[in-house]
Every structure is written in structure tokens, then in C-alpha cells.
>>> print(open('my_file19.cif').read())   # mmCIF, C-alpha atoms
data_model
loop_
_atom_site.group_PDB
_atom_site.id
_atom_site.type_symbol
_atom_site.label_atom_id
_atom_site.label_comp_id
_atom_site.auth_asym_id
_atom_site.auth_seq_id
_atom_site.Cartn_x
_atom_site.Cartn_y
_atom_site.Cartn_z
ATOM 1 C CA MET R 1 0.000 0.000 0.000
ATOM 2 C CA SER R 2 1.296 3.474 -0.825
ATOM 3 C CA ASP R 3 1.756 6.382 1.576
ATOM 4 C CA GLU R 4 -1.181 8.166 -0.070
ATOM 5 C CA THR R 5 -4.458 8.336 1.808
ATOM 6 C CA PRO R 6 -6.880 5.786 0.292
ATOM 7 C CA ILE R 7 -9.908 7.408 -1.335
ATOM 8 C CA CYS R 8 -13.491 6.306 -1.835
ATOM 9 C CA SER R 9 -14.228 4.101 -4.872
ATOM 10 C CA ALA R 10 -17.522 5.873 -5.649
ATOM 11 C CA LYS R 11 -17.429 7.556 -9.045
ATOM 12 C CA GLY R 12 -16.208 11.128 -8.719
ATOM 13 C CA CYS R 13 -15.693 10.962 -4.952
ATOM 14 C CA ARG R 14 -12.333 12.133 -3.613
ATOM 15 C CA ALA R 15 -13.126 11.708 0.100
ATOM 16 C CA ASP R 16 -10.902 9.682 2.387
ATOM 17 C CA ALA R 17 -11.917 6.039 2.588
ATOM 18 C CA VAL R 18 -13.176 4.786 5.947
ATOM 19 C CA TRP R 19 -14.645 1.408 4.932
ATOM 20 C CA VAL R 20 -13.539 -1.659 2.966
ATOM 21 C CA LEU R 21 -16.238 -3.546 1.077
ATOM 22 C CA ALA R 22 -14.972 -7.071 0.422
ATOM 23 C CA TRP R 23 -16.718 -8.831 -2.444
ATOM 24 C CA ASN R 24 -16.424 -11.441 -5.135
ATOM 25 C CA ASN R 25 -18.303 -12.424 -8.255
ATOM 26 C CA PRO R 26 -18.989 -16.158 -7.872
ATOM 27 C CA LYS R 27 -19.221 -16.559 -11.652
ATOM 28 C CA ILE R 28 -15.575 -15.603 -12.117
ATOM 29 C CA HIS R 29 -13.841 -15.770 -8.702
ATOM 30 C CA THR R 30 -13.074 -18.692 -6.435
ATOM 31 C CA PRO R 31 -15.125 -18.616 -3.182
ATOM 32 C CA GLU R 32 -12.186 -17.495 -1.018
ATOM 33 C CA ARG R 33 -11.107 -14.649 -3.352
ATOM 34 C CA ARG R 34 -11.890 -11.135 -2.121
ATOM 35 C CA LYS R 35 -11.847 -8.029 -4.256
ATOM 36 C CA THR R 36 -12.183 -4.707 -2.433
ATOM 37 C CA TRP R 37 -13.803 -1.351 -2.895
ATOM 38 C CA LEU R 38 -13.140 1.515 -0.538
ATOM 39 C CA ALA R 39 -15.893 3.791 0.718
ATOM 40 C CA CYS R 40 -16.287 7.021 2.640
ATOM 41 C CA ASP R 41 -19.081 7.261 5.219
ATOM 42 C CA GLU R 42 -21.373 8.934 2.679
ATOM 43 C CA HIS R 43 -21.054 6.211 0.007
ATOM 44 C CA ARG R 44 -20.761 3.063 2.157
ATOM 45 C CA GLU R 45 -24.467 2.241 2.016
ATOM 46 C CA HIS R 46 -24.840 2.962 -1.709
ATOM 47 C CA LEU R 47 -21.838 0.834 -2.683
ATOM 48 C CA SER R 48 -22.917 -1.930 -0.278
ATOM 49 C CA GLN R 49 -26.378 -2.010 -1.849
ATOM 50 C CA PHE R 50 -24.914 -2.101 -5.359
ATOM 51 C CA LEU R 51 -22.811 -5.150 -4.500
ATOM 52 C CA GLY R 52 -25.470 -6.738 -2.282
ATOM 53 C CA VAL R 53 -28.209 -6.697 -4.921
ATOM 54 C CA ARG R 54 -25.879 -8.680 -7.181
ATOM 55 C CA GLY R 55 -24.995 -11.144 -4.416
ATOM 56 C CA PHE R 56 -21.342 -10.038 -4.475
ATOM 57 C CA LEU R 57 -20.944 -8.371 -1.057
ATOM 58 C CA LYS R 58 -19.174 -10.554 1.507
ATOM 59 C CA ASP R 59 -18.106 -8.158 4.267
ATOM 60 C CA VAL R 60 -17.934 -4.485 5.277
ATOM 61 C CA VAL R 61 -15.064 -3.605 7.596
ATOM 62 C CA LEU R 62 -13.495 -0.397 8.854
ATOM 63 C CA LEU R 63 -10.374 0.366 6.821
ATOM 64 C CA ARG R 64 -8.160 0.508 9.931
ATOM 65 C CA GLU R 65 -9.365 -2.988 10.971
ATOM 66 C CA TRP R 66 -8.803 -4.357 7.461
ATOM 67 C CA GLU R 67 -5.274 -2.946 7.406
ATOM 68 C CA SER R 68 -4.423 -4.325 10.847
ATOM 69 C CA SER R 69 -5.769 -7.790 9.949
ATOM 70 C CA ALA R 70 -3.769 -7.765 6.686
ATOM 71 C CA GLY R 71 -0.595 -7.215 8.695
ATOM 72 C CA SER R 72 -1.262 -10.254 10.895
#
>>> encode(input="my_file19.cif", output="C-alpha cells")
Amino acid sequence: MSDETPICSAKGCRADAVWVLAWNNPKIHTPERRKTWLACDEHREHLSQFLGVRGFLKDVVLLREWESSAGS
């Protein structure tokens, strides 16, 4: 990960990311694979719904928790 502050994945948003949305597309990814989108507080629900409606959303975690678990 770079030293830059991670930003929200919502189109056009430049806000600092607070959340990690872990997802996978079961048609193309193995069950254990996790792709990630980042979200600010404002876009967390919208992005979660977008992924959830498609059955892709697996987990929503605070960015700081995701980063600390990745270092374990």
C-alpha cells in the first residue's frame, strides 16, 4: 500500500476512505477470493447495496481494521 491516503471508490468521490467492502463475483472468482472497494461514510451504504443486490458483497469492515488484519 502506498503512503497516499486511500480514497473512496464511488465515481467522482475524492473523500478519504473509511470502509472496505470485500466482495467477489462467484461466476468468475473462487469462493475465497476477495476483491475490495473503498468507501467514505457517505457512500458506504450505496456501494454496499450495489454489491449486495448482485450477491457479491461478503463483508464491510473499517479500513483501519482491514489494514491491521492484513498485517497479521
>>> closest_residue(input="my_file19.cif", among="R:Val18, R:Thr36, R:His29, R:Gln49", to="Thr5 of chain R", atoms="all atoms listed in the file")
R:Val18
>>> resolve_selection(input="my_file19.cif", expression="the PyMOL selection byres ((chain R and resi 8) around 8)", output="PyMOL selection string")
chain R and resi 6-7+9-10+13-18+37-40+43
>>> atom_distance(input="my_file19.cif", atom1="atom CA of Lys27 of chain R", atom2="atom CA of Glu67 of chain R")
27.3 Å
>>> residues_around(input="my_file19.cif", residues="Ser48 of chain R", least_positions_apart="6", cutoff="10 Å", atoms="all atoms listed in the file", output="VMD selection string")
chain R and resid 20 to 23 37 39 56 to 60
>>> atom_distance(input="my_file19.cif", atom1="atom CA of Arg34 of chain R", atom2="atom CA of Arg64 of chain R")
17.2 Å
>>> atom_distance(input="my_file19.cif", atom1="atom CA of Thr30 of chain R", atom2="atom CA of Gly52 of chain R")
17.7 Å
>>> residues_around(input="my_file19.cif", residues="Pro26 of chain R", least_positions_apart="5", cutoff="10 Å", atoms="all atoms listed in the file", output="list in words")
Pro31, Glu32, Arg33, Gly55 and Phe56 of chain R
